[in-house]
$ cat model-v1.csv   # CSV, C-alpha atoms and all ligand atoms
chain,number,residue,atom,x,y,z
A,19,MET,CA,-18.0,25.2,-11.7
A,20,ARG,CA,-21.0,24.3,-14.0
A,21,ALA,CA,-19.4,23.6,-17.4
A,22,GLY,CA,-20.8,23.9,-20.8
A,23,VAL,CA,-19.3,22.6,-24.1
A,24,ILE,CA,-20.0,24.5,-27.3
A,25,GLY,CA,-19.5,22.1,-30.3
A,26,ALA,CA,-20.3,18.4,-30.3
A,27,GLY,CA,-17.8,17.1,-32.8
A,28,ALA,CA,-15.3,14.4,-31.7
A,29,TRP,CA,-13.4,16.7,-29.4
A,30,GLY,CA,-16.3,18.6,-27.8
A,31,THR,CA,-18.0,15.3,-27.1
A,32,ALA,CA,-14.9,13.8,-25.6
A,33,LEU,CA,-14.4,16.8,-23.4
A,34,ALA,CA,-18.0,16.6,-22.2
A,35,GLN,CA,-17.5,13.0,-21.4
A,36,LEU,CA,-14.3,13.9,-19.4
A,37,LEU,CA,-16.1,16.6,-17.5
A,38,ALA,CA,-19.1,14.4,-16.7
A,39,ALA,CA,-16.9,11.5,-15.5
A,40,ASP,CA,-17.4,12.5,-11.9
A,41,GLY,CA,-21.1,12.6,-12.2
A,42,ALA,CA,-21.2,16.4,-12.8
A,43,HIS,CA,-23.8,17.9,-15.1
A,44,VAL,CA,-22.4,19.1,-18.4
A,45,ARG,CA,-24.4,20.9,-21.1
A,46,LEU,CA,-23.3,20.2,-24.6
A,47,TRP,CA,-24.4,22.5,-27.5
A,48,ALA,CA,-24.6,20.8,-30.8
A,49,LEU,CA,-25.3,22.3,-34.2
A,50,GLU,CA,-27.0,19.3,-35.6
A,51,PRO,CA,-30.5,18.3,-34.2
A,52,ASP,CA,-29.6,14.6,-34.9
A,53,VAL,CA,-26.6,14.9,-32.6
A,54,VAL,CA,-28.7,16.5,-29.8
A,55,GLU,CA,-31.3,13.7,-30.1
A,56,ALA,CA,-28.7,10.9,-30.2
A,57,VAL,CA,-26.8,12.2,-27.1
A,58,ASN,CA,-30.0,12.7,-25.0
A,59,ARG,CA,-31.8,9.6,-26.2
A,60,ASP,CA,-29.1,7.0,-26.9
A,61,ARG,CA,-26.2,8.4,-24.8
A,62,ALA,CA,-24.1,8.3,-28.0
A,63,ASN,CA,-22.7,10.5,-30.8
A,64,PRO,CA,-22.4,8.1,-33.7
A,65,LEU,CA,-21.8,10.9,-36.2
A,66,TYR,CA,-18.6,12.3,-34.6
A,67,LEU,CA,-17.5,10.0,-31.7
A,68,PRO,CA,-18.7,6.4,-32.5
A,69,ASP,CA,-18.4,3.5,-30.2
A,70,ILE,CA,-18.4,5.6,-27.0
A,71,SER,CA,-21.1,5.3,-24.4
A,72,LEU,CA,-21.7,8.7,-23.0
A,73,ASN,CA,-22.0,9.6,-19.3
A,74,ALA,CA,-25.5,10.2,-18.0
A,75,GLY,CA,-24.6,13.8,-16.8
A,76,ILE,CA,-24.3,15.1,-20.4
A,77,GLU,CA,-27.3,17.0,-21.6
A,78,ALA,CA,-27.3,18.1,-25.2
A,79,THR,CA,-29.0,21.2,-26.6
A,80,SER,CA,-29.2,23.2,-29.8
A,81,ASP,CA,-30.2,26.4,-28.0
A,82,MET,CA,-27.3,28.6,-27.0
A,83,ALA,CA,-29.6,30.3,-24.4
A,84,ASP,CA,-29.2,27.1,-22.4
A,85,MET,CA,-25.6,28.0,-21.8
A,86,ALA,CA,-26.5,31.2,-19.9
A,87,ASP,CA,-26.3,29.5,-16.4
A,88,ARG,CA,-22.8,28.0,-17.0
A,89,ASP,CA,-19.7,29.2,-15.1
A,90,LEU,CA,-17.3,28.0,-17.7
A,91,LEU,CA,-17.6,27.4,-21.5
A,92,LEU,CA,-15.4,25.2,-23.6
A,93,VAL,CA,-15.5,26.3,-27.2
A,94,VAL,CA,-14.8,23.4,-29.5
A,95,CYS,CA,-16.0,24.3,-33.0
A,96,PRO,CA,-13.9,24.4,-36.2
A,97,ALA,CA,-11.6,27.4,-36.1
A,98,GLN,CA,-13.2,29.2,-39.1
A,99,HIS,CA,-16.6,29.2,-37.3
A,100,LEU,CA,-15.3,30.3,-33.9
A,101,ARG,CA,-16.1,34.0,-34.4
A,102,SER,CA,-19.8,33.4,-35.2
A,103,VAL,CA,-20.1,30.7,-32.5
A,104,VAL,CA,-18.5,32.8,-29.7
A,105,ALA,CA,-20.6,35.8,-30.7
A,106,GLN,CA,-23.7,33.8,-29.8
A,107,ALA,CA,-22.3,32.6,-26.4
A,108,PRO,CA,-23.4,34.4,-23.2
A,109,ALA,CA,-21.2,37.4,-22.4
A,110,GLY,CA,-18.8,37.5,-19.4
A,111,VAL,CA,-18.4,33.7,-18.9
A,112,PRO,CA,-14.8,32.4,-19.1
A,113,LEU,CA,-14.2,30.8,-22.5
A,114,ILE,CA,-11.7,27.9,-22.8
A,115,LEU,CA,-10.8,27.8,-26.5
A,116,CYS,CA,-10.1,24.2,-27.8
A,117,SER,CA,-10.1,24.9,-31.5
A,118,LYS,CA,-6.8,24.8,-33.5
A,119,GLY,CA,-6.4,27.2,-36.3
A,120,ILE,CA,-5.9,30.8,-37.6
A,121,GLU,CA,-8.8,32.8,-38.9
A,122,ALA,CA,-8.8,33.4,-42.7
A,123,GLY,CA,-8.6,37.0,-43.8
A,124,THR,CA,-7.6,38.4,-40.4
A,125,HIS,CA,-4.7,36.0,-39.6
A,126,LEU,CA,-5.9,36.2,-36.0
A,127,LEU,CA,-5.4,33.4,-33.4
A,128,MET,CA,-8.5,32.0,-31.7
A,129,SER,CA,-7.9,34.0,-28.5
A,130,GLU,CA,-7.7,37.2,-30.6
A,131,VAL,CA,-10.9,36.4,-32.4
A,132,ALA,CA,-12.7,35.5,-29.2
A,133,ALA,CA,-11.6,38.8,-27.6
A,134,GLN,CA,-13.2,40.7,-30.5
A,135,ALA,CA,-16.4,38.6,-30.5
A,136,GLN,CA,-16.9,38.6,-26.7
A,137,PRO,CA,-14.8,41.4,-25.2
A,138,ARG,CA,-16.1,40.9,-21.6
A,139,SER,CA,-15.3,37.2,-21.4
A,140,PRO,CA,-12.0,36.0,-19.9
A,141,ILE,CA,-10.1,33.6,-22.2
A,142,ALA,CA,-8.0,30.5,-21.7
A,143,VAL,CA,-6.6,28.0,-24.3
A,144,LEU,CA,-6.6,24.2,-23.9
A,145,SER,CA,-4.3,22.6,-26.4
A,146,GLY,CA,-2.0,19.5,-26.7
A,147,PRO,CA,-1.6,16.0,-28.0
A,148,THR,CA,-5.1,14.7,-27.4
A,149,PHE,CA,-6.8,12.4,-29.8
A,150,ALA,CA,-10.5,12.7,-28.9
A,151,SER,CA,-11.2,9.0,-28.9
A,152,GLU,CA,-8.4,8.3,-26.4
A,153,VAL,CA,-9.6,11.0,-24.0
A,154,ALA,CA,-13.1,9.7,-24.2
A,155,LYS,CA,-11.9,6.2,-23.3
A,156,GLY,CA,-10.0,7.6,-20.2
A,157,LEU,CA,-6.5,6.9,-21.6
A,158,PRO,CA,-3.7,8.9,-20.0
A,159,THR,CA,-3.3,12.4,-21.5
A,160,ALA,CA,-1.4,15.6,-20.7
A,161,ILE,CA,-2.4,19.0,-22.1
A,162,THR,CA,-1.4,22.7,-21.9
A,163,LEU,CA,-3.9,25.1,-20.2
A,164,ALA,CA,-2.8,28.6,-21.1
A,165,CYS,CA,-4.3,31.7,-19.5
A,166,ALA,CA,-3.0,35.2,-18.7
A,167,ASP,CA,-4.9,35.1,-15.3
A,168,ALA,CA,-3.1,32.6,-13.1
A,169,ALA,CA,-6.0,32.4,-10.6
A,170,LEU,CA,-8.5,31.6,-13.3
A,171,ALA,CA,-6.1,29.0,-14.7
A,172,ALA,CA,-5.9,27.3,-11.3
A,173,ARG,CA,-9.7,27.3,-11.0
A,174,ILE,CA,-10.2,25.8,-14.5
A,175,ALA,CA,-7.4,23.2,-13.9
A,176,ALA,CA,-9.2,22.1,-10.7
A,177,ARG,CA,-12.4,21.6,-12.7
A,178,ILE,CA,-11.0,19.7,-15.7
A,179,ALA,CA,-8.1,17.7,-14.2
A,180,ARG,CA,-8.7,13.9,-13.7
A,181,PRO,CA,-6.3,11.1,-12.6
A,182,ALA,CA,-5.7,10.4,-16.3
A,183,PHE,CA,-6.1,13.9,-17.7
A,184,ARG,CA,-3.3,16.2,-16.6
A,185,PRO,CA,-3.3,19.9,-17.5
A,186,TYR,CA,0.1,21.8,-17.3
A,187,LEU,CA,-0.3,25.6,-16.8
A,188,SER,CA,1.1,28.3,-18.9
A,189,ASP,CA,0.6,32.1,-19.3
A,190,ASP,CA,1.7,31.9,-22.9
A,191,VAL,CA,-1.6,31.9,-24.7
A,192,ILE,CA,-0.2,32.8,-28.1
A,193,GLY,CA,2.4,30.1,-27.9
A,194,ALA,CA,-0.1,27.4,-27.0
A,195,GLU,CA,-2.3,28.4,-30.0
A,196,ILE,CA,0.5,28.6,-32.5
A,197,GLY,CA,1.7,25.1,-31.8
A,198,GLY,CA,-1.8,23.6,-32.3
A,199,ALA,CA,-2.5,25.6,-35.5
A,200,VAL,CA,0.8,25.0,-37.2
A,201,LYS,CA,1.2,21.3,-36.3
A,202,ASN,CA,-2.0,20.5,-38.3
A,203,VAL,CA,-0.3,21.7,-41.5
A,204,LEU,CA,2.9,19.8,-40.7
A,205,ALA,CA,0.8,16.6,-40.1
A,206,ILE,CA,-0.5,16.9,-43.7
A,207,ALA,CA,3.2,17.0,-44.8
A,208,CYS,CA,4.1,13.9,-42.8
A,209,GLY,CA,1.0,12.1,-44.2
A,210,VAL,CA,2.2,12.9,-47.7
A,211,ALA,CA,5.6,11.4,-46.9
A,212,GLU,CA,3.8,8.2,-45.7
A,213,GLY,CA,1.4,8.1,-48.7
A,214,ALA,CA,4.2,8.6,-51.2
A,215,GLY,CA,6.4,6.0,-49.5
A,216,LEU,CA,9.2,8.4,-48.7
A,217,GLY,CA,10.3,6.6,-45.6
A,218,LEU,CA,10.8,7.4,-41.9
A,219,ASN,CA,13.9,9.5,-42.4
A,220,ALA,CA,11.8,11.9,-44.4
A,221,ARG,CA,9.1,12.0,-41.7
A,222,ALA,CA,11.7,12.8,-39.0
A,223,ALA,CA,13.2,15.5,-41.2
A,224,LEU,CA,9.7,17.0,-41.8
A,225,ILE,CA,9.0,17.0,-38.0
A,226,SER,CA,12.3,18.6,-37.2
A,227,ARG,CA,12.4,21.2,-40.0
A,228,GLY,CA,8.6,21.8,-39.5
A,229,PHE,CA,9.3,22.5,-35.8
A,230,ALA,CA,11.9,25.0,-36.9
A,231,GLU,CA,9.2,26.7,-39.0
A,232,MET,CA,6.7,26.6,-36.1
A,233,THR,CA,9.4,28.2,-33.9
A,234,ARG,CA,10.3,31.0,-36.4
A,235,PHE,CA,6.6,31.8,-36.9
A,236,GLY,CA,5.8,31.6,-33.2
A,237,LEU,CA,8.7,33.9,-32.2
A,238,ALA,CA,7.6,36.4,-34.8
A,239,ARG,CA,4.1,36.4,-33.1
A,240,GLY,CA,5.4,36.7,-29.6
A,241,ALA,CA,5.3,33.1,-28.5
A,242,ARG,CA,7.9,31.7,-26.1
A,243,VAL,CA,10.2,28.9,-27.3
A,244,GLU,CA,9.6,26.7,-24.3
A,245,THR,CA,5.8,26.7,-25.0
A,246,LEU,CA,6.5,25.6,-28.6
A,247,ALA,CA,8.7,22.8,-27.3
A,248,GLY,CA,6.0,21.7,-24.9
A,249,LEU,CA,2.8,19.7,-25.1
A,250,SER,CA,0.9,22.2,-27.3
A,251,GLY,CA,3.7,22.5,-29.8
A,252,LEU,CA,6.2,19.7,-30.2
A,253,GLY,CA,4.0,17.2,-28.2
A,254,ASP,CA,1.1,17.6,-30.5
A,255,LEU,CA,3.3,17.8,-33.6
A,256,VAL,CA,4.8,14.3,-32.8
A,257,LEU,CA,1.3,12.8,-32.1
A,258,THR,CA,-0.3,14.1,-35.3
A,259,CYS,CA,2.7,13.4,-37.5
A,260,SER,CA,2.8,9.7,-36.5
A,261,SER,CA,-0.7,8.2,-36.9
A,262,THR,CA,-3.5,7.8,-39.4
A,263,ASN,CA,-5.8,8.5,-36.4
A,264,SER,CA,-5.1,12.1,-37.3
A,265,ARG,CA,-7.4,13.5,-39.9
A,266,ASN,CA,-4.7,15.8,-41.1
A,267,PHE,CA,-2.1,13.0,-41.4
A,268,SER,CA,-4.7,10.9,-43.3
A,269,LEU,CA,-5.5,13.8,-45.6
A,270,GLY,CA,-1.8,14.1,-46.4
A,271,LYS,CA,-1.5,10.3,-46.9
A,272,GLY,CA,-4.2,10.6,-49.6
A,273,LEU,CA,-2.4,13.4,-51.3
A,274,GLY,CA,0.8,11.4,-51.2
A,275,GLU,CA,-0.9,8.4,-52.8
A,276,GLY,CA,-1.8,10.7,-55.6
A,277,GLN,CA,-5.5,11.4,-54.9
A,278,PRO,CA,-6.6,14.9,-55.9
A,279,ALA,CA,-7.0,17.4,-53.0
A,280,ALA,CA,-10.5,18.5,-54.2
A,281,ALA,CA,-11.8,14.9,-54.1
A,282,LEU,CA,-10.3,14.3,-50.6
A,283,LEU,CA,-11.8,17.5,-49.2
A,284,ALA,CA,-15.2,17.3,-50.8
A,285,HIS,CA,-18.0,16.1,-48.6
A,286,ARG,CA,-15.8,15.7,-45.5
A,287,ARG,CA,-18.0,15.8,-42.5
A,288,THR,CA,-15.1,15.9,-40.0
A,289,VAL,CA,-12.7,18.7,-40.0
A,290,ALA,CA,-9.0,18.6,-41.1
A,291,GLU,CA,-8.0,22.0,-39.8
A,292,GLY,CA,-4.7,22.0,-41.5
A,293,ALA,CA,-6.3,22.3,-45.0
A,294,PHE,CA,-7.9,25.6,-43.8
A,295,THR,CA,-4.9,26.8,-41.8
A,296,ALA,CA,-2.3,26.2,-44.5
A,297,PRO,CA,-3.1,29.1,-46.9
A,298,VAL,CA,-3.7,31.5,-44.0
A,299,LEU,CA,-0.4,30.5,-42.4
A,300,ARG,CA,1.4,31.0,-45.7
A,301,GLU,CA,-0.1,34.5,-46.0
A,302,ALA,CA,0.6,35.4,-42.4
A,303,ALA,CA,4.2,34.1,-42.6
A,304,ARG,CA,4.9,35.9,-45.8
A,305,ALA,CA,3.5,39.1,-44.4
A,306,SER,CA,5.9,38.8,-41.4
A,307,GLY,CA,8.9,37.7,-43.5
A,308,VAL,CA,9.0,34.3,-42.0
A,309,GLU,CA,10.2,31.4,-44.2
A,310,MET,CA,8.0,28.3,-44.1
A,311,PRO,CA,9.0,26.0,-47.0
A,312,VAL,CA,7.2,22.9,-45.7
A,313,VAL,CA,4.0,25.0,-45.2
A,314,GLU,CA,4.4,26.4,-48.8
A,315,ALA,CA,4.8,22.8,-50.1
A,316,VAL,CA,1.6,21.7,-48.4
A,317,CYS,CA,-0.2,24.6,-49.9
A,318,ALA,CA,1.0,23.7,-53.4
A,319,LEU,CA,-0.3,20.2,-53.0
A,320,LEU,CA,-3.7,21.3,-51.5
A,321,GLU,CA,-4.1,23.8,-54.4
A,322,ASP,CA,-2.9,21.2,-57.0
A,323,ALA,CA,-0.4,23.9,-58.1
A,324,ALA,CA,2.4,21.4,-58.9
A,325,PRO,CA,2.8,17.6,-59.2
A,326,LEU,CA,4.0,15.8,-56.1
A,327,PRO,CA,7.5,14.9,-57.4
A,328,GLN,CA,8.2,18.5,-58.3
A,329,VAL,CA,7.1,19.7,-54.8
A,330,ILE,CA,9.4,17.1,-53.2
A,331,ASP,CA,12.3,17.9,-55.4
A,332,ALA,CA,11.9,21.7,-54.7
A,333,LEU,CA,12.1,21.1,-51.0
A,334,LEU,CA,15.2,18.8,-51.3
A,335,ALA,CA,16.9,21.3,-53.7
A,336,ARG,CA,16.8,24.2,-51.3
A,337,PRO,CA,20.2,25.8,-50.7
A,338,ILE,CA,22.4,24.1,-48.1
A,339,ARG,CA,22.4,26.3,-45.0
A,340,ALA,CA,23.1,26.3,-41.2
A,341,GLU,CA,20.7,24.3,-39.1
B,401,LIG,N1,-10.7,15.5,-32.8
B,401,LIG,C1,-9.7,15.7,-32.0
B,401,LIG,O1,-9.1,14.8,-31.6
B,401,LIG,C2,-9.3,17.1,-31.6
B,401,LIG,C3,-9.8,18.2,-32.2
B,401,LIG,N2,-9.4,19.5,-31.9
B,401,LIG,C4,-9.9,20.7,-32.5
B,401,LIG,O2,-11.3,20.9,-32.1
B,401,LIG,C5,-12.0,21.6,-33.1
B,401,LIG,C6,-13.2,20.8,-33.5
B,401,LIG,O3,-12.8,19.5,-34.0
B,401,LIG,P1,-13.7,18.2,-33.8
B,401,LIG,O4,-14.4,18.2,-32.5
B,401,LIG,O5,-12.7,17.1,-34.0
B,401,LIG,O6,-14.7,18.3,-35.0
B,401,LIG,P2,-15.3,17.1,-35.9
B,401,LIG,O7,-14.6,17.0,-37.1
B,401,LIG,O8,-15.5,15.9,-35.1
B,401,LIG,O9,-16.8,17.7,-36.2
B,401,LIG,C7,-17.0,18.8,-37.0
B,401,LIG,C8,-17.7,19.8,-36.1
B,401,LIG,O10,-17.9,21.0,-36.8
B,401,LIG,C9,-19.1,21.6,-36.5
B,401,LIG,N3,-19.6,22.5,-37.5
B,401,LIG,C10,-19.8,22.3,-38.8
B,401,LIG,N4,-20.2,23.4,-39.4
B,401,LIG,C11,-20.3,24.3,-38.4
B,401,LIG,C12,-20.7,25.7,-38.4
B,401,LIG,N5,-21.2,26.3,-39.5
B,401,LIG,N6,-20.7,26.4,-37.2
B,401,LIG,C13,-20.3,25.7,-36.1
B,401,LIG,N7,-19.9,24.4,-36.0
B,401,LIG,C14,-19.9,23.8,-37.2
B,401,LIG,C15,-20.0,20.3,-36.4
B,401,LIG,O11,-21.2,20.6,-35.7
B,401,LIG,C16,-19.0,19.4,-35.6
B,401,LIG,O12,-19.1,19.7,-34.2
B,401,LIG,C17,-11.0,21.7,-34.3
B,401,LIG,O13,-10.4,23.0,-34.3
B,401,LIG,C18,-9.9,20.6,-34.0
B,401,LIG,O14,-8.7,20.9,-34.6
B,401,LIG,C19,-8.5,19.6,-30.9
B,401,LIG,C20,-8.0,18.6,-30.2
B,401,LIG,C21,-8.3,17.2,-30.5
B,402,LIG,O1,-5.5,17.8,-32.7
B,402,LIG,C1,-5.5,16.6,-32.6
B,402,LIG,C2,-4.8,15.8,-31.7
B,402,LIG,O2,-4.1,16.6,-30.7
B,402,LIG,C3,-6.4,15.9,-33.6
B,402,LIG,O3,-5.7,15.8,-34.8
B,402,LIG,P1,-6.5,15.7,-36.2
B,402,LIG,O4,-7.4,16.9,-36.3
B,402,LIG,O5,-5.4,15.7,-37.2
B,402,LIG,O6,-7.2,14.4,-36.1
$ encode --input "model-v1.csv" --output "structure tokens"
Amino acid sequence: MRAGVIGAGAWGTALAQLLAADGAHVRLWALEPDVVEAVNRDRANPLYLPDISLNAGIEATSDMADMADRDLLLVVCPAQHLRSVVAQAPAGVPLILCSKGIEAGTHLLMSEVAAQAQPRSPIAVLSGPTFASEVAKGLPTAITLACADAALAARIAARIARPAFRPYLSDDVIGAEIGGAVKNVLAIACGVAEGAGLGLNARAALISRGFAEMTRFGLARGARVETLAGLSGLGDLVLTCSSTNSRNFSLGKGLGEGQPAAALLAHRRTVAEGAFTAPVLREAARASGVEMPVVEAVCALLEDAAPLPQVIDALLARPIRAE
């Protein structure tokens, strides 16, 4: 299968590197002409994935028409741009969605957005605990590949699996997407706990109670609990809530240290999806009557709606209830 990757940020570049590891030709669409030039001329993407020497099989382009001869397209743009990016992609080619988020305004998951933007294209979702730099270096990684069509999932898995990159198959597309979207918001919360010096007990509490929120929201949207407890849910939650390698965790750490959200978010080149997902998730959860107090707290901090001590006190003062 001839693969194309749409989006040359850290994750798209790392996935192109993975797919080209066996000498295969991979076409990589980048928004920025500088990125196209650096990949083709220097075999590098210093803007988004520094210190990685890229495989010779990667050919970058800024022309979406160059994707027309691909058998498979990995979509790796920020979630809020997925609709417009997918609309430009060639029709009818299987799309593997790698972005993590929920669309603002519509509350749609990426598979739902892509189905509207390219109704003829089969859809799969690739999501899990996968820091781009580690995948690019060939470090061992496992990931969920979710697709309603088992035969297509098997074909994709055969194309993307490597000795150190292990996809696990699922038919729960919604579940795989909800885990990836919600964990980014919870990683901000854990970053706040780190930045504010609240300790490791607080982090473990946020991970566990955050997972309860993810599960409530996921079940309301038709996800299966075992998907949420798998790589794309709990697995990614644990990864992103534990390390400053996560942009979302780092953003939260800044908030916890008392830096204003507006300053932290201004002029960011790399994407911290949780900042975009948080208000959308709050709206979607409220609309379906799902309680998400940790998500509400993250929104309050991102919007500078209340001082940090007050947000922490409000979470701790919630009524005692059954776990
Ligand atoms: N970096 C990682 O380790 C992982 C990232 N992801 C997800 O992949 C998606 C992309 O993230 P990264 O590759 O990390 O991005 P990044 O933060 O490294 O780079 C930003 C990307 O946004 C693109 N962009 C900016 N404005 C755009 C526009 N108007 N239209 C289309 N694209 C635009 C840039 O061209 C660039 O590719 C996100 O949803 C993220 O959550 C998923 C797994 C791992
Ligand atoms: O999704 C990721 C790892 O699975 C990357 O997390 P960040 O976007 O927080 O860096």
$ residues_around --input "model-v1.csv" --residues "segment 226-236 of chain A" --least-positions-apart "5" --cutoff "10 Å" --atoms "all atoms listed in the file" --output "compact mmCIF listing (two decimals) with C-alpha atoms, keeping the file's coordinate frame"
# COMPACT_ATOMS: atom_id res chain seq x y z
CA ILE A 192 -0.20 32.80 -28.10
CA GLY A 193 2.40 30.10 -27.90
CA ALA A 194 -0.10 27.40 -27.00
CA GLU A 195 -2.30 28.40 -30.00
CA ILE A 196 0.50 28.60 -32.50
CA GLY A 197 1.70 25.10 -31.80
CA GLY A 198 -1.80 23.60 -32.30
CA ALA A 199 -2.50 25.60 -35.50
CA VAL A 200 0.80 25.00 -37.20
CA LYS A 201 1.20 21.30 -36.30
CA VAL A 203 -0.30 21.70 -41.50
CA LEU A 204 2.90 19.80 -40.70
CA ALA A 205 0.80 16.60 -40.10
CA ALA A 207 3.20 17.00 -44.80
CA CYS A 208 4.10 13.90 -42.80
CA ALA A 220 11.80 11.90 -44.40
CA ARG A 221 9.10 12.00 -41.70
CA ALA A 241 5.30 33.10 -28.50
CA ARG A 242 7.90 31.70 -26.10
CA VAL A 243 10.20 28.90 -27.30
CA GLU A 244 9.60 26.70 -24.30
CA THR A 245 5.80 26.70 -25.00
CA LEU A 246 6.50 25.60 -28.60
CA ALA A 247 8.70 22.80 -27.30
CA GLY A 251 3.70 22.50 -29.80
CA LEU A 252 6.20 19.70 -30.20
CA LEU A 255 3.30 17.80 -33.60
CA VAL A 256 4.80 14.30 -32.80
CA LEU A 299 -0.40 30.50 -42.40
CA ALA A 302 0.60 35.40 -42.40
CA ALA A 303 4.20 34.10 -42.60
CA ARG A 304 4.90 35.90 -45.80
CA SER A 306 5.90 38.80 -41.40
CA GLY A 307 8.90 37.70 -43.50
CA VAL A 308 9.00 34.30 -42.00
CA GLU A 309 10.20 31.40 -44.20
CA MET A 310 8.00 28.30 -44.10
CA PRO A 311 9.00 26.00 -47.00
CA VAL A 312 7.20 22.90 -45.70
CA VAL A 313 4.00 25.00 -45.20
CA GLU A 341 20.70 24.30 -39.10
$ closest_residue --input "model-v1.csv" --among "A:Ala150, A:Ala332, A:Ala324, A:Val316" --to "ligand LIG 401 (chain B)" --atoms "all atoms listed in the file"
A:Ala150
$ closest_residue --input "model-v1.csv" --among "A:Ala238, A:Ala179, A:Ile225, A:Ala280" --to "Asn202 of chain A" --atoms "only C-alpha atoms"
A:Ile225
$ closest_residue --input "model-v1.csv" --among "A:Pro337, A:Gly119, A:Gly213, A:Pro297" --to "ligand LIG 402 (chain B)" --atoms "all atoms listed in the file"
A:Gly119
$ atom_distance --input "model-v1.csv" --atom1 "atom CA of Leu127 of chain A" --atom2 "atom CA of Val298 of chain A"
10.9 Å
$ closest_residue --input "model-v1.csv" --among "A:Asp89, A:Asp254, A:Glu314, A:Asp167" --to "ligand LIG 402 (chain B)" --atoms "all atoms listed in the file"
A:Asp254
$ residues_near_ligand --input "model-v1.csv" --ligand "ligand LIG 402 (chain B)" --cutoff "8 Å" --atoms "all atoms listed in the file" --output "list in words"
Lys118, Ser145, Gly146, Pro147, Thr148, Phe149, Ala150, Gly198, Asn202, Ala205, Asp254, Leu257, Thr258, Asn263, Ser264, Arg265, Asn266, Phe267, Ser268, Val289, Ala290, Glu291 and Gly292 of chain A
$ closest_residue --input "model-v1.csv" --among "A:Leu170, A:Ile330, A:Ala160, A:Leu37" --to "ligand LIG 401 (chain B)" --atoms "all atoms listed in the file"
A:Ala160
$ atom_distance --input "model-v1.csv" --atom1 "atom CA of Val23 of chain A" --atom2 "atom CA of Leu269 of chain A"
27.0 Å
$ atom_distance --input "model-v1.csv" --atom1 "atom CA of Leu46 of chain A" --atom2 "atom CA of Met82 of chain A"
9.6 Å
$ closest_residue --input "model-v1.csv" --among "A:Leu90, A:Ala279, A:Leu49, A:Leu237" --to "Val210 of chain A" --atoms "all atoms listed in the file"
A:Ala279
$ closest_atom_pairs --input "model-v1.csv" --of "chain A" --to "ligand LIG 401 (chain B)" --cutoff "6 Å" --atoms "all atoms listed in the file" --output "tab-separated table"
residue	atom	partner	partner_atom	distance
A:Gly25	CA	B:LIG401	O12	4.6
A:Ala26	CA	B:LIG401	O12	4.3
A:Gly27	CA	B:LIG401	O12	3.2
A:Ala28	CA	B:LIG401	O8	3.7
A:Trp29	CA	B:LIG401	O4	3.6
A:Gly30	CA	B:LIG401	O4	5.1
A:Ala48	CA	B:LIG401	O11	6.0
A:Leu49	CA	B:LIG401	O11	4.7
A:Glu50	CA	B:LIG401	O11	5.9
A:Tyr66	CA	B:LIG401	O8	4.8
A:Val94	CA	B:LIG401	C5	4.9
A:Cys95	CA	B:LIG401	C6	4.5
A:Pro96	CA	B:LIG401	O13	4.2
A:Ala97	CA	B:LIG401	O13	4.9
A:His99	CA	B:LIG401	N6	5.0
A:Cys116	CA	B:LIG401	O2	5.6
A:Ser117	CA	B:LIG401	O13	3.4
A:Lys118	CA	B:LIG401	O13	4.1
A:Thr148	CA	B:LIG401	C21	5.1
A:Phe149	CA	B:LIG401	O1	3.8
A:Ala150	CA	B:LIG401	O1	3.7
A:Thr288	CA	B:LIG401	O7	3.1
A:Val289	CA	B:LIG401	O7	3.9
A:Glu291	CA	B:LIG401	O14	5.4
$ residues_around --input "model-v1.csv" --residues "Gly156 of chain A" --least-positions-apart "4" --cutoff "8 Å" --atoms "all atoms listed in the file" --output "list in words"
Leu36, Glu152, Ala182 and Phe183 of chain A
$ residues_around --input "model-v1.csv" --residues "Val104 of chain A" --least-positions-apart "2" --cutoff "8 Å" --atoms "all atoms listed in the file" --output "number ranges by chain"
A: 93, 100-102, 106-107, 132, 135-136
$ residues_around --input "model-v1.csv" --residues "Pro51 of chain A" --least-positions-apart "5" --cutoff "12 Å" --atoms "all atoms listed in the file" --output "count of residues only"
11
$ residues_around --input "model-v1.csv" --residues "Arg138 of chain A" --least-positions-apart "5" --cutoff "8 Å" --atoms "all atoms listed in the file" --output "number ranges by chain"
A: 109-110, 133
